[in-house]
$ cat start_38.txt   # compact mmCIF, C-alpha atoms
# COMPACT_ATOMS: atom_id res chain seq x y z
CA MET A 1 17.97 72.33 32.79
CA ARG A 2 14.58 70.66 32.68
CA HIS A 3 12.72 68.25 30.54
CA PRO A 4 9.05 67.93 29.68
CA ASP A 5 6.63 65.53 31.32
CA PRO A 6 6.43 62.33 29.27
CA SER A 7 2.79 61.95 30.15
CA THR A 8 2.05 64.71 27.66
CA SER A 9 3.02 62.34 24.82
CA ALA A 10 0.19 61.35 22.51
CA ASP A 11 0.44 57.61 23.07
CA ASN A 12 2.36 55.82 25.77
CA ALA A 13 1.62 52.33 24.45
CA ALA A 14 5.04 51.89 22.87
CA VAL A 15 7.06 53.86 25.38
CA VAL A 16 10.43 52.42 26.27
CA THR A 17 12.38 53.45 29.34
CA VAL A 18 16.02 54.21 28.63
CA GLU A 19 18.22 54.69 31.67
CA LEU A 20 21.80 55.85 31.64
CA ASP A 21 23.35 55.27 35.02
CA ARG A 22 26.66 57.15 35.13
CA ALA A 23 27.23 55.69 31.64
CA GLY A 24 30.39 56.89 29.96
CA VAL A 25 32.56 55.87 27.03
CA VAL A 26 36.32 56.28 26.99
CA ILE A 27 38.22 54.99 23.97
CA ASP A 28 42.03 55.01 23.87
CA GLY A 29 42.11 57.42 26.79
CA ARG A 30 39.76 59.86 25.08
CA THR A 31 36.39 60.60 26.64
CA ILE A 32 33.72 60.21 23.97
CA ILE A 33 30.79 60.27 26.40
CA ALA A 34 31.32 61.64 29.90
CA PRO A 35 29.58 59.73 32.73
CA THR A 36 25.90 60.56 32.25
CA THR A 37 22.84 59.81 34.34
CA LEU A 38 19.57 60.23 32.50
CA THR A 39 16.14 58.67 32.07
CA LEU A 40 14.32 58.90 28.75
CA LYS A 41 10.66 57.94 28.50
CA GLU A 42 9.31 60.21 25.81
CA ARG A 43 8.02 58.90 22.49
CA ARG A 44 9.99 61.39 20.39
CA ILE A 45 13.44 62.41 21.51
CA GLY A 46 15.85 64.48 19.45
CA VAL A 47 19.61 64.56 19.93
CA ILE A 48 21.47 67.46 18.36
CA GLY A 49 25.00 68.77 18.56
CA ALA A 50 28.07 69.62 16.54
CA ASN A 51 30.06 67.11 14.48
CA GLY A 52 32.26 64.98 16.73
CA SER A 53 30.30 65.87 19.87
CA GLY A 54 29.49 62.22 20.64
CA LYS A 55 25.92 62.03 19.28
CA SER A 56 26.43 58.85 17.28
CA THR A 57 28.21 57.12 20.15
CA PHE A 58 25.34 58.15 22.42
CA ALA A 59 22.87 56.60 19.97
CA ARG A 60 24.92 53.41 19.72
CA LEU A 61 24.86 53.04 23.47
CA LEU A 62 21.13 52.47 23.31
CA ASN A 63 21.15 49.09 21.59
CA GLY A 64 24.50 47.79 22.74
CA LEU A 65 26.46 48.58 19.56
CA VAL A 66 28.68 50.49 21.95
CA VAL A 67 28.83 49.37 25.56
CA PRO A 68 29.69 51.91 28.24
CA THR A 69 33.20 51.68 29.67
CA THR A 70 31.84 53.08 32.95
CA GLY A 71 28.36 52.82 34.44
CA ALA A 72 25.46 51.11 32.70
CA VAL A 73 22.75 51.63 30.11
CA ARG A 74 19.44 49.89 30.67
CA ILE A 75 16.55 49.54 28.26
CA ASP A 76 13.34 48.60 30.06
CA GLY A 77 15.57 47.32 32.84
CA LEU A 78 17.81 45.20 30.57
CA ASP A 79 21.53 45.98 30.70
CA THR A 80 22.97 46.61 27.21
CA ALA A 81 26.32 45.13 28.23
CA ARG A 82 24.80 41.79 29.21
CA GLU A 83 21.58 41.45 27.25
CA ALA A 84 22.29 43.17 23.95
CA ALA A 85 20.72 40.37 21.89
CA LYS A 86 17.44 40.67 23.78
CA ILE A 87 17.53 44.47 23.59
CA ARG A 88 18.08 44.46 19.84
CA ARG A 89 14.76 42.68 19.40
CA SER A 90 13.00 45.75 20.75
CA VAL A 91 15.43 48.52 19.75
CA GLY A 92 15.99 49.05 16.03
CA PHE A 93 18.80 51.16 14.63
CA VAL A 94 18.72 53.15 11.39
CA PHE A 95 22.16 54.20 10.18
CA GLN A 96 23.03 57.40 8.36
CA ASN A 97 24.14 55.66 5.18
CA PRO A 98 21.67 53.04 3.93
CA ASP A 99 24.38 51.54 1.71
CA ASN A 100 26.09 50.34 4.87
CA GLN A 101 22.87 49.16 6.46
CA ILE A 102 21.49 47.08 3.61
CA VAL A 103 23.31 43.77 3.92
CA PHE A 104 21.74 41.80 1.08
CA PRO A 105 21.39 43.07 -2.47
CA ILE A 106 17.66 42.41 -2.96
CA ILE A 107 15.29 44.36 -0.67
CA ALA A 108 13.09 41.35 0.21
CA GLU A 109 16.05 39.21 1.23
CA ASP A 110 17.60 42.06 3.19
CA MET A 111 14.38 42.53 5.18
CA ALA A 112 14.13 38.79 5.70
CA PHE A 113 17.59 38.70 7.29
CA GLY A 114 16.55 40.29 10.59
CA LEU A 115 13.32 38.30 10.73
CA LYS A 116 15.23 35.07 10.22
CA ASN A 117 17.63 36.02 13.02
CA SER A 118 14.63 36.64 15.28
CA GLY A 119 13.50 33.07 14.72
CA LEU A 120 10.29 33.90 12.82
CA ALA A 121 8.94 30.91 10.87
CA LYS A 122 10.16 30.95 7.27
CA VAL A 123 6.62 30.82 5.84
CA GLU A 124 5.64 34.00 7.69
CA ILE A 125 8.58 36.08 6.48
CA PRO A 126 7.32 37.06 2.98
CA THR A 127 3.97 38.21 4.38
CA ARG A 128 5.64 40.40 7.02
CA VAL A 129 8.04 41.85 4.43
CA THR A 130 5.30 42.66 1.93
CA ALA A 131 3.04 44.18 4.58
CA GLU A 132 5.79 46.48 5.92
CA LEU A 133 6.78 47.68 2.46
CA ALA A 134 3.13 48.34 1.63
CA ARG A 135 2.69 50.29 4.86
CA LEU A 136 5.58 52.54 3.88
CA GLY A 137 4.21 52.90 0.35
CA ILE A 138 7.17 51.16 -1.28
CA ALA A 139 5.68 47.73 -2.05
CA HIS A 140 7.05 47.99 -5.59
CA LEU A 141 10.62 47.78 -4.25
CA VAL A 142 10.27 44.26 -2.89
CA GLU A 143 12.26 42.52 -5.64
CA ARG A 144 14.46 45.47 -6.54
CA ALA A 145 18.23 45.42 -6.14
CA SER A 146 19.25 48.05 -3.59
CA HIS A 147 22.00 49.47 -5.80
CA SER A 148 19.38 50.52 -8.32
CA LEU A 149 17.35 52.60 -5.83
CA SER A 150 17.51 56.35 -5.28
CA GLY A 151 18.93 57.69 -2.00
CA GLY A 152 15.45 58.25 -0.58
CA GLU A 153 14.22 54.82 -1.61
CA LYS A 154 17.30 53.23 -0.08
CA GLN A 155 16.77 55.03 3.22
CA LEU A 156 13.10 53.96 3.24
CA ALA A 157 14.10 50.37 2.45
CA ALA A 158 16.68 50.43 5.25
CA LEU A 159 14.00 51.79 7.57
CA ALA A 160 11.57 49.09 6.41
CA ALA A 161 14.15 46.43 7.31
CA VAL A 162 14.21 47.84 10.84
CA LEU A 163 10.46 48.40 11.21
CA VAL A 164 9.62 44.92 9.95
CA MET A 165 11.11 43.68 13.24
CA ARG A 166 8.38 45.65 15.07
CA PRO A 167 10.75 47.40 17.48
CA LYS A 168 9.45 49.34 20.47
CA LEU A 169 12.14 51.99 20.03
CA VAL A 170 13.86 53.06 16.81
CA VAL A 171 17.16 54.91 17.06
CA PHE A 172 17.99 57.00 14.00
CA ASP A 173 21.54 58.18 13.37
CA GLU A 174 21.25 61.21 11.09
CA PRO A 175 18.59 59.64 8.86
CA THR A 176 18.12 62.66 6.60
CA THR A 177 21.69 63.90 6.20
CA LEU A 178 22.22 62.37 2.76
CA LEU A 179 18.75 63.15 1.42
CA ASP A 180 17.22 65.89 -0.70
CA LEU A 181 14.30 67.98 0.59
CA LYS A 182 11.56 65.74 -0.83
CA ASN A 183 13.02 62.57 0.65
CA ARG A 184 13.79 64.33 3.90
CA ASN A 185 10.11 65.18 4.17
CA ARG A 186 9.20 61.57 3.41
CA ILE A 187 11.42 60.24 6.18
CA ARG A 188 10.09 62.92 8.50
CA ALA A 189 6.51 61.82 7.77
CA VAL A 190 7.44 58.21 8.48
CA ILE A 191 9.03 59.14 11.80
CA ASP A 192 6.00 61.25 12.74
CA ALA A 193 3.67 58.33 12.02
CA LEU A 194 5.70 55.67 13.84
CA ALA A 195 3.84 53.74 16.51
CA ALA A 196 7.19 52.96 18.11
CA SER A 197 9.17 55.44 20.16
CA ALA A 198 11.95 57.21 18.29
CA LEU A 199 15.23 58.75 19.28
CA VAL A 200 16.67 60.76 16.40
CA VAL A 201 20.23 62.02 16.19
CA THR A 202 20.27 64.78 13.63
CA HIS A 203 21.58 68.12 12.37
CA ASP A 204 18.13 68.77 10.92
CA LEU A 205 16.64 71.05 13.57
CA ASP A 206 13.24 71.23 11.81
CA LEU A 207 12.94 67.47 12.20
CA VAL A 208 12.96 67.61 15.99
CA GLU A 209 11.03 70.81 16.59
CA ARG A 210 7.78 68.97 17.32
CA PHE A 211 9.39 66.25 19.41
CA ASP A 212 8.74 65.72 23.10
CA ARG A 213 12.28 66.33 24.28
CA VAL A 214 15.59 67.40 22.80
CA LEU A 215 19.08 66.80 24.15
CA VAL A 216 22.04 68.85 23.04
CA ILE A 217 25.36 67.04 23.24
CA GLU A 218 28.57 69.01 23.48
CA ASP A 219 32.00 67.41 23.94
CA GLY A 220 30.43 64.16 25.12
CA ARG A 221 28.19 65.80 27.73
CA ILE A 222 24.48 66.55 27.78
CA ALA A 223 24.81 70.31 27.62
CA ALA A 224 21.07 70.99 27.36
CA ASP A 225 17.99 68.87 27.94
CA ASP A 226 14.73 70.62 27.35
CA THR A 227 11.68 71.16 25.18
CA PRO A 228 12.58 71.36 21.48
CA ARG A 229 11.98 75.10 21.38
CA ALA A 230 14.26 75.86 24.30
CA ALA A 231 16.95 73.31 23.41
CA ILE A 232 17.12 74.41 19.77
CA ALA A 233 17.28 78.08 20.77
CA TRP A 234 20.09 77.28 23.21
CA TYR A 235 21.95 75.31 20.54
CA ARG A 236 21.57 78.06 17.93
CA GLU A 237 22.93 80.58 20.39
CA ARG A 238 25.95 78.37 21.18
CA ALA A 239 26.63 77.73 17.50
CA ALA A 240 26.53 81.43 16.74
CA ALA A 241 28.89 82.32 19.60
CA MET D 242 26.69 50.53 -3.44
CA THR D 243 27.41 49.00 -6.86
CA ALA D 244 25.60 46.26 -8.77
CA PRO D 245 25.66 42.90 -7.00
CA LEU D 246 27.05 39.79 -8.65
CA TYR D 247 23.57 38.26 -8.87
CA SER D 248 21.77 38.92 -12.12
CA PRO D 249 17.97 38.46 -11.91
CA GLY D 250 16.48 36.03 -14.41
CA ASP D 251 14.31 32.98 -14.91
CA SER D 252 16.75 30.51 -16.46
CA LEU D 253 17.01 26.85 -15.57
CA LEU D 254 20.00 27.68 -13.40
CA HIS D 255 18.14 30.50 -11.64
CA ARG D 256 15.38 28.06 -10.72
CA ALA D 257 17.73 25.27 -9.59
CA PRO D 258 18.17 24.92 -5.81
CA ALA D 259 21.20 26.82 -4.53
CA SER D 260 22.40 23.75 -2.61
CA ALA D 261 22.45 21.67 -5.81
CA LYS D 262 24.41 24.39 -7.60
CA LEU D 263 26.94 24.67 -4.79
CA ALA D 264 27.30 20.89 -4.55
CA GLY D 265 27.81 20.73 -8.32
CA LEU D 266 30.47 23.41 -8.07
CA VAL D 267 32.30 21.49 -5.33
CA VAL D 268 32.19 18.27 -7.42
CA LEU D 269 33.43 20.07 -10.54
CA GLY D 270 36.17 21.89 -8.60
CA THR D 271 37.40 18.61 -7.15
CA ALA D 272 37.10 16.65 -10.39
CA VAL D 273 39.18 19.03 -12.50
CA PHE D 274 42.03 18.72 -10.04
CA LEU D 275 41.93 14.91 -10.15
CA THR D 276 42.78 14.75 -13.84
CA ALA D 277 45.32 16.27 -16.22
CA ASP D 278 43.67 14.76 -19.29
CA LEU D 279 42.90 17.51 -21.80
CA ALA D 280 40.16 15.34 -23.30
CA LEU D 281 38.29 15.67 -19.98
CA LEU D 282 39.30 19.22 -19.05
CA LEU D 283 38.21 20.72 -22.37
CA PRO D 284 34.59 19.50 -22.02
CA ALA D 285 34.64 20.73 -18.38
CA ALA D 286 35.60 24.24 -19.53
CA LEU D 287 33.01 24.10 -22.30
CA ALA D 288 30.43 23.06 -19.70
CA GLY D 289 31.26 26.30 -17.87
CA VAL D 290 30.62 28.25 -21.08
CA LEU D 291 27.34 26.38 -21.52
CA LEU D 292 26.25 27.22 -17.96
CA LEU D 293 26.92 30.91 -18.56
CA ALA D 294 24.97 30.71 -21.82
CA ILE D 295 22.04 29.27 -19.88
CA VAL D 296 22.16 32.10 -17.30
CA ARG D 297 22.39 34.74 -20.05
CA PRO D 298 23.63 37.69 -17.99
CA PRO D 299 23.83 41.13 -19.61
CA ARG D 300 26.74 41.07 -22.04
CA ALA D 301 28.45 44.20 -20.64
CA ARG D 302 28.44 42.81 -17.12
CA LEU D 303 29.73 39.41 -18.29
CA THR D 304 32.57 41.01 -20.22
CA ARG D 305 33.53 43.11 -17.21
CA GLN D 306 33.48 40.15 -14.84
CA LEU D 307 35.37 37.82 -17.16
CA ALA D 308 38.09 40.28 -18.16
CA GLY D 309 39.95 40.20 -14.84
CA SER D 310 39.73 36.41 -14.56
CA ALA D 311 40.94 35.96 -18.15
CA ILE D 312 44.05 38.07 -17.47
CA LEU D 313 44.79 36.14 -14.28
CA ILE D 314 44.31 32.73 -15.91
CA GLY D 315 46.46 33.83 -18.85
CA LEU D 316 49.26 34.88 -16.49
CA VAL D 317 49.13 31.65 -14.47
CA ALA D 318 49.10 29.58 -17.66
CA LEU D 319 52.06 31.53 -19.03
CA ILE D 320 54.09 30.90 -15.87
CA ALA D 321 53.11 27.21 -15.95
CA GLY D 322 54.03 27.03 -19.65
CA LEU D 323 57.46 28.59 -19.17
CA SER D 324 58.30 26.47 -16.14
CA GLN D 325 56.56 23.15 -16.85
CA GLY D 326 55.78 23.07 -20.57
CA TRP D 327 52.79 24.04 -22.71
CA HIS D 328 50.79 20.88 -22.04
CA GLN D 329 50.75 21.85 -18.38
CA ALA D 330 49.84 25.42 -19.35
CA ALA D 331 46.78 24.10 -21.20
CA VAL D 332 45.87 21.92 -18.20
CA VAL D 333 46.08 24.89 -15.83
CA ALA D 334 44.16 27.22 -18.14
CA LEU D 335 41.35 24.72 -18.72
CA ARG D 336 41.11 23.81 -15.03
CA PHE D 337 40.80 27.39 -13.89
CA SER D 338 38.51 28.34 -16.78
CA ALA D 339 36.12 25.51 -15.90
CA ILE D 340 35.99 26.54 -12.25
CA VAL D 341 35.77 30.31 -12.87
CA LEU D 342 33.06 29.99 -15.53
CA ALA D 343 30.97 27.58 -13.46
CA ALA D 344 31.40 29.66 -10.28
CA LEU D 345 30.41 32.80 -12.17
CA ALA D 346 27.30 31.05 -13.53
CA VAL D 347 26.37 30.05 -9.98
CA THR D 348 26.91 33.50 -8.46
CA LEU D 349 25.07 35.20 -11.32
CA SER D 350 22.07 32.92 -10.90
CA THR D 351 21.87 32.63 -7.10
CA ARG D 352 20.48 35.23 -4.72
CA ALA D 353 22.68 35.99 -1.73
CA ALA D 354 20.05 34.83 0.78
CA ASP D 355 19.61 31.51 -1.08
CA MET D 356 23.38 31.07 -1.10
CA LEU D 357 23.48 31.74 2.64
CA GLU D 358 20.76 29.16 3.31
CA ALA D 359 22.40 26.58 1.07
CA ILE D 360 25.78 26.96 2.76
CA GLU D 361 24.12 26.70 6.15
CA ALA D 362 22.33 23.53 5.06
CA LEU D 363 25.54 22.00 3.64
CA LEU D 364 27.41 22.74 6.87
CA ALA D 365 24.57 21.66 9.15
CA PRO D 366 25.99 18.17 9.86
CA LEU D 367 29.29 19.71 11.03
CA ASP D 368 27.39 22.35 12.99
CA ARG D 369 25.38 19.69 14.83
CA ARG D 370 28.64 18.11 15.97
CA GLY D 371 29.79 21.52 17.21
CA LEU D 372 32.68 21.63 14.73
CA VAL D 373 31.66 24.83 12.94
CA ASP D 374 29.16 27.66 13.27
CA SER D 375 27.31 27.27 9.96
CA ALA D 376 25.41 30.58 10.28
CA ARG D 377 28.62 32.58 10.66
CA ILE D 378 30.40 30.80 7.80
CA ALA D 379 27.40 31.18 5.50
CA LEU D 380 27.12 34.89 6.30
CA ALA D 381 30.86 35.36 5.77
CA VAL D 382 30.65 33.79 2.30
CA SER D 383 27.60 35.90 1.42
CA LEU D 384 29.41 39.03 2.58
CA VAL D 385 32.42 38.23 0.40
CA LEU D 386 30.08 38.16 -2.58
CA ARG D 387 28.44 41.38 -1.39
CA PHE D 388 31.75 43.19 -0.98
CA VAL D 389 33.34 42.31 -4.33
CA PRO D 390 31.29 44.83 -6.36
CA ASP D 391 31.62 47.43 -3.60
CA ILE D 392 35.41 47.15 -3.60
CA LEU D 393 35.46 47.50 -7.38
CA GLY D 394 33.23 50.56 -7.04
CA HIS D 395 35.57 52.11 -4.45
CA TYR D 396 38.53 51.39 -6.71
CA ARG D 397 36.89 53.31 -9.56
CA GLU D 398 35.96 56.25 -7.29
CA ILE D 399 39.46 56.52 -5.82
CA ARG D 400 41.04 56.27 -9.25
CA GLU D 401 38.72 58.99 -10.59
CA ALA D 402 39.42 61.25 -7.59
CA GLN D 403 43.15 60.83 -8.09
CA ALA D 404 42.95 61.35 -11.84
CA ALA D 405 40.92 64.54 -11.20
CA ARG D 406 43.85 65.79 -9.12
CA GLY D 407 46.27 64.96 -11.92
CA LEU D 408 47.81 61.90 -10.23
CA ASP D 409 49.03 58.99 -12.33
CA ALA D 410 47.94 55.47 -11.49
CA ASN D 411 50.14 54.49 -8.56
CA PRO D 412 49.46 51.09 -6.93
CA LEU D 413 50.37 52.29 -3.42
CA ALA D 414 48.30 55.45 -3.70
CA LEU D 415 45.36 53.29 -4.78
CA ILE D 416 45.73 50.41 -2.35
CA VAL D 417 46.04 52.43 0.86
CA PRO D 418 42.76 54.39 0.54
CA LEU D 419 41.06 51.31 -0.90
CA VAL D 420 42.01 49.20 2.13
CA VAL D 421 41.05 51.98 4.55
CA ARG D 422 37.64 52.46 2.89
CA THR D 423 36.98 48.74 2.73
CA LEU D 424 37.82 48.31 6.42
CA LYS D 425 35.57 51.26 7.31
CA ASP D 426 32.74 49.69 5.27
CA ALA D 427 33.37 46.34 6.94
CA ASP D 428 33.05 48.02 10.35
CA ASP D 429 29.79 49.71 9.37
CA ILE D 430 28.32 46.53 7.91
CA ALA D 431 29.36 44.57 10.99
CA ALA D 432 27.51 47.11 13.16
CA ALA D 433 24.44 46.87 10.90
CA ILE D 434 24.48 43.08 11.08
CA GLU D 435 24.86 43.16 14.84
CA ALA D 436 22.04 45.68 15.15
CA ARG D 437 19.76 43.30 13.29
CA GLY D 438 20.13 40.50 15.76
CA PHE D 439 22.97 38.42 14.31
CA PRO D 440 24.05 35.92 15.46
CA PRO D 441 20.63 34.55 16.37
CA ASP D 442 20.21 32.98 19.79
CA ARG D 443 20.57 29.23 19.62
CA PRO D 444 19.91 26.91 22.52
CA GLY D 445 23.03 25.16 23.70
CA ARG D 446 25.42 27.70 22.16
$ encode --input "start_38.txt" --output "structure tokens"
Amino acid sequence: MRHPDPSTSADNAAVVTVELDRAGVVIDGRTIIAPTTLTLKERRIGVIGANGSGKSTFARLLNGLVVPTTGAVRIDGLDTAREAAKIRRSVGFVFQNPDNQIVFPIIAEDMAFGLKNSGLAKVEIPTRVTAELARLGIAHLVERASHSLSGGEKQLAALAAVLVMRPKLVVFDEPTTLLDLKNRNRIRAVIDALAASALVVTHDLDLVERFDRVLVIEDGRIAADDTPRAAIAWYRERAAA
Amino acid sequence: MTAPLYSPGDSLLHRAPASAKLAGLVVLGTAVFLTADLALLLPAALAGVLLLAIVRPPRARLTRQLAGSAILIGLVALIAGLSQGWHQAAVVALRFSAIVLAALAVTLSTRAADMLEAIEALLAPLDRRGLVDSARIALAVSLVLRFVPDILGHYREIREAQAARGLDANPLALIVPLVVRTLKDADDIAAAIEARGFPPDRPGR
């Protein structure tokens, strides 16, 4: 098992160091994530694996939504169990279902929610919101009610609400699973263009094929950790067995 | 995700500050319980109708949202009438109508974020004394308003799924999956809220 040199990444400006130090998750006696030691520094990391393998729990470890029951997870040296609030300012999380991510009915007020929590001055919030929506090419959605948006628009709006916080790392939990091909390509283009680092949990193998590093999770363990080509080939072989 | 309670518009009530609307609602809600005089309760209920007329929500949505309340108020009034007489039934019906109509006018004309800010502002004096956490209470109230349409949407989906399988309407068969789905949604929303930095750091807390 090997992983590529992070220095080959295009831009290290927004690189975040994720360290798992014998981090494991056991819930009700069941091991969801086996104790894992790992350092992630690449700008684009893919996480693939079968349903129920522990991918989502692994992703949630990275911003303290799940805290390890053994060991520790550190983001740029900050322990997720003790400094989750601080970590969440630099680690954004995009959920699979935007309906469960969008808290407020109007897109502008939903995006403002995170900014308000971060303590940004009220007068600066509309400018930040408008600029982020414009950057994603969805400025026209600013006053729209989320229930009236298409699946792709909702996912982009949910992503905008995360990106408006200017995170250094964005964790995506199956961001394209509910989308059609056109919207999947749109989300893929947004991920490709992100200045921030990204860790993407997905079943969409095409999405991660140009990433810097891909982990395969199997029964709560990192079963493969390699270049996308090698990791995907390994995973395909396992799935076919 | 189904349509929220808020209905966009530019009416006088839409433009009024959310805190003034909430304060007005609290005053009205208190006042109608301090009197049993039909000569006062009738204008209060009519004021509720007037407020809704000012907001002018889409007719279909208004009908849908009023139907459930009308049935409930009718039932409560009937029980009051049978047990305490028809004067009391009229008092109960007018009281609840005034409150429901005014509250509906406020929710239809107030954005969730404005509601959240207004509640926070109203609770700020108690918060400063450390008696309540205004941000949490305000968010909880906003989430109640957010979840109402979602729960109704889930109800319709579950009912349709059961009807498609040839099942008759059975309260237990509806309630169990509805509660499970609502709790699952609540978990997901709680995670989303947490992921977006709530509660904010506050010095001294």
$ residues_around --input "start_38.txt" --residues "stretch 107-119 of chain A" --least-positions-apart "3" --cutoff "7 Å" --atoms "only C-alpha atoms" --output "NGL selection string"
(:A and (102-104 or 125 or 129 or 141-146 or 157 or 161 or 165)) or (:D and (354 or 437-441))
$ atom_distance --input "start_38.txt" --atom1 "atom CA of D:Tyr247" --atom2 "atom CA of D:Leu282"
26.7 Å
$ residues_around --input "start_38.txt" --residues "stretch 208-215 of chain A" --least-positions-apart "2" --cutoff "8 Å" --atoms "all atoms listed in the file" --output "list in words"
His3, Pro4, Pro6, Ser9, Glu42, Arg43, Arg44, Ile45, Gly46, Val47, Ile48, Val200, Asp204, Leu205, Asp206, Ile217, Ile222, Ala223, Ala224, Asp225, Asp226, Thr227, Pro228, Arg229, Ala231 and Ile232 of chain A
$ residues_near_point --input "start_38.txt" --point "(7.9, 58.6, 14.6)" --cutoff "10 Å" --atoms "all atoms listed in the file" --output "ChimeraX atom specification"
/A:43-45,169-170,187-200,211
$ residues_around --input "start_38.txt" --residues "D:Phe274" --least-positions-apart "3" --cutoff "12 Å" --atoms "only C-alpha atoms" --output "ChimeraX atom specification"
/D:267-271,277-279,281-282,285,332-337,339-340
$ closest_residue --input "start_38.txt" --among "D:Ser383, D:Thr304, D:Asn411, D:Ser338" --to "D:Val317" --atoms "all atoms listed in the file"
D:Ser338
$ interface_residues --input "start_38.txt" --of "chain D" --to "chain A" --cutoff "10 Å" --atoms "only C-alpha atoms" --output "NGL selection string"
:D and (242-249 or 352-355 or 376 or 380 or 383-384 or 386-388 or 391 or 425-443)
$ write_last_selection --input "start_38.txt" --atoms "C-alpha atoms" --output "PDB file, keeping the file's coordinate frame"
ATOM      1  CA  MET D 242      26.690  50.530  -3.440  1.00  0.00           C
ATOM      2  CA  THR D 243      27.410  49.000  -6.860  1.00  0.00           C
ATOM      3  CA  ALA D 244      25.600  46.260  -8.770  1.00  0.00           C
ATOM      4  CA  PRO D 245      25.660  42.900  -7.000  1.00  0.00           C
ATOM      5  CA  LEU D 246      27.050  39.790  -8.650  1.00  0.00           C
ATOM      6  CA  TYR D 247      23.570  38.260  -8.870  1.00  0.00           C
ATOM      7  CA  SER D 248      21.770  38.920 -12.120  1.00  0.00           C
ATOM      8  CA  PRO D 249      17.970  38.460 -11.910  1.00  0.00           C
ATOM      9  CA  ARG D 352      20.480  35.230  -4.720  1.00  0.00           C
ATOM     10  CA  ALA D 353      22.680  35.990  -1.730  1.00  0.00           C
ATOM     11  CA  ALA D 354      20.050  34.830   0.780  1.00  0.00           C
ATOM     12  CA  ASP D 355      19.610  31.510  -1.080  1.00  0.00           C
ATOM     13  CA  ALA D 376      25.410  30.580  10.280  1.00  0.00           C
ATOM     14  CA  LEU D 380      27.120  34.890   6.300  1.00  0.00           C
ATOM     15  CA  SER D 383      27.600  35.900   1.420  1.00  0.00           C
ATOM     16  CA  LEU D 384      29.410  39.030   2.580  1.00  0.00           C
ATOM     17  CA  LEU D 386      30.080  38.160  -2.580  1.00  0.00           C
ATOM     18  CA  ARG D 387      28.440  41.380  -1.390  1.00  0.00           C
ATOM     19  CA  PHE D 388      31.750  43.190  -0.980  1.00  0.00           C
ATOM     20  CA  ASP D 391      31.620  47.430  -3.600  1.00  0.00           C
ATOM     21  CA  LYS D 425      35.570  51.260   7.310  1.00  0.00           C
ATOM     22  CA  ASP D 426      32.740  49.690   5.270  1.00  0.00           C
ATOM     23  CA  ALA D 427      33.370  46.340   6.940  1.00  0.00           C
ATOM     24  CA  ASP D 428      33.050  48.020  10.350  1.00  0.00           C
ATOM     25  CA  ASP D 429      29.790  49.710   9.370  1.00  0.00           C
ATOM     26  CA  ILE D 430      28.320  46.530   7.910  1.00  0.00           C
ATOM     27  CA  ALA D 431      29.360  44.570  10.990  1.00  0.00           C
ATOM     28  CA  ALA D 432      27.510  47.110  13.160  1.00  0.00           C
ATOM     29  CA  ALA D 433      24.440  46.870  10.900  1.00  0.00           C
ATOM     30  CA  ILE D 434      24.480  43.080  11.080  1.00  0.00           C
ATOM     31  CA  GLU D 435      24.860  43.160  14.840  1.00  0.00           C
ATOM     32  CA  ALA D 436      22.040  45.680  15.150  1.00  0.00           C
ATOM     33  CA  ARG D 437      19.760  43.300  13.290  1.00  0.00           C
ATOM     34  CA  GLY D 438      20.130  40.500  15.760  1.00  0.00           C
ATOM     35  CA  PHE D 439      22.970  38.420  14.310  1.00  0.00           C
ATOM     36  CA  PRO D 440      24.050  35.920  15.460  1.00  0.00           C
ATOM     37  CA  PRO D 441      20.630  34.550  16.370  1.00  0.00           C
ATOM     38  CA  ASP D 442      20.210  32.980  19.790  1.00  0.00           C
ATOM     39  CA  ARG D 443      20.570  29.230  19.620  1.00  0.00           C
TER      40      ARG D 443
END
$ atom_distance --input "start_38.txt" --atom1 "atom CA of D:Thr348" --atom2 "atom CA of D:Ala379"
14.2 Å
$ axis_aligned_box --input "start_38.txt" --around "stretch 378-387 of chain D" --padding-each-side "4 Å" --output "AutoDock Vina command-line options"
--center_x 29.8 --center_y 36.1 --center_z 2.6 --size_x 13.3 --size_y 18.6 --size_z 18.4
$ closest_residue --input "start_38.txt" --among "A:Ala239, A:Ala121, A:Ala131, A:Val67" --to "A:Ile27" --atoms "all atoms listed in the file"
A:Val67
$ atom_distance --input "start_38.txt" --atom1 "atom CA of D:Val273" --atom2 "atom CA of D:Ser324"
20.8 Å
$ closest_residue --input "start_38.txt" --among "A:Val216, A:Arg22, A:Thr127, A:Arg221" --to "A:Gly49" --atoms "only C-alpha atoms"
A:Val216
$ closest_residue --input "start_38.txt" --among "D:Leu254, D:Ala402, D:Leu408, D:Leu266" --to "D:Ala294" --atoms "only C-alpha atoms"
D:Leu254
$ closest_residue --input "start_38.txt" --among "D:Leu363, D:Ala330, D:Ala264, D:Leu342" --to "D:Ala308" --atoms "all atoms listed in the file"
D:Leu342
$ closest_residue --input "start_38.txt" --among "D:Leu291, D:Ala365, D:Leu393, D:Ala321" --to "D:Arg305" --atoms "all atoms listed in the file"
D:Leu393
$ residues_near_point --input "start_38.txt" --point "(20.8, 31.3, -12.2)" --cutoff "9 Å" --atoms "only C-alpha atoms" --output "ChimeraX atom specification"
/D:247-257,259,292-293,295-297,346-352
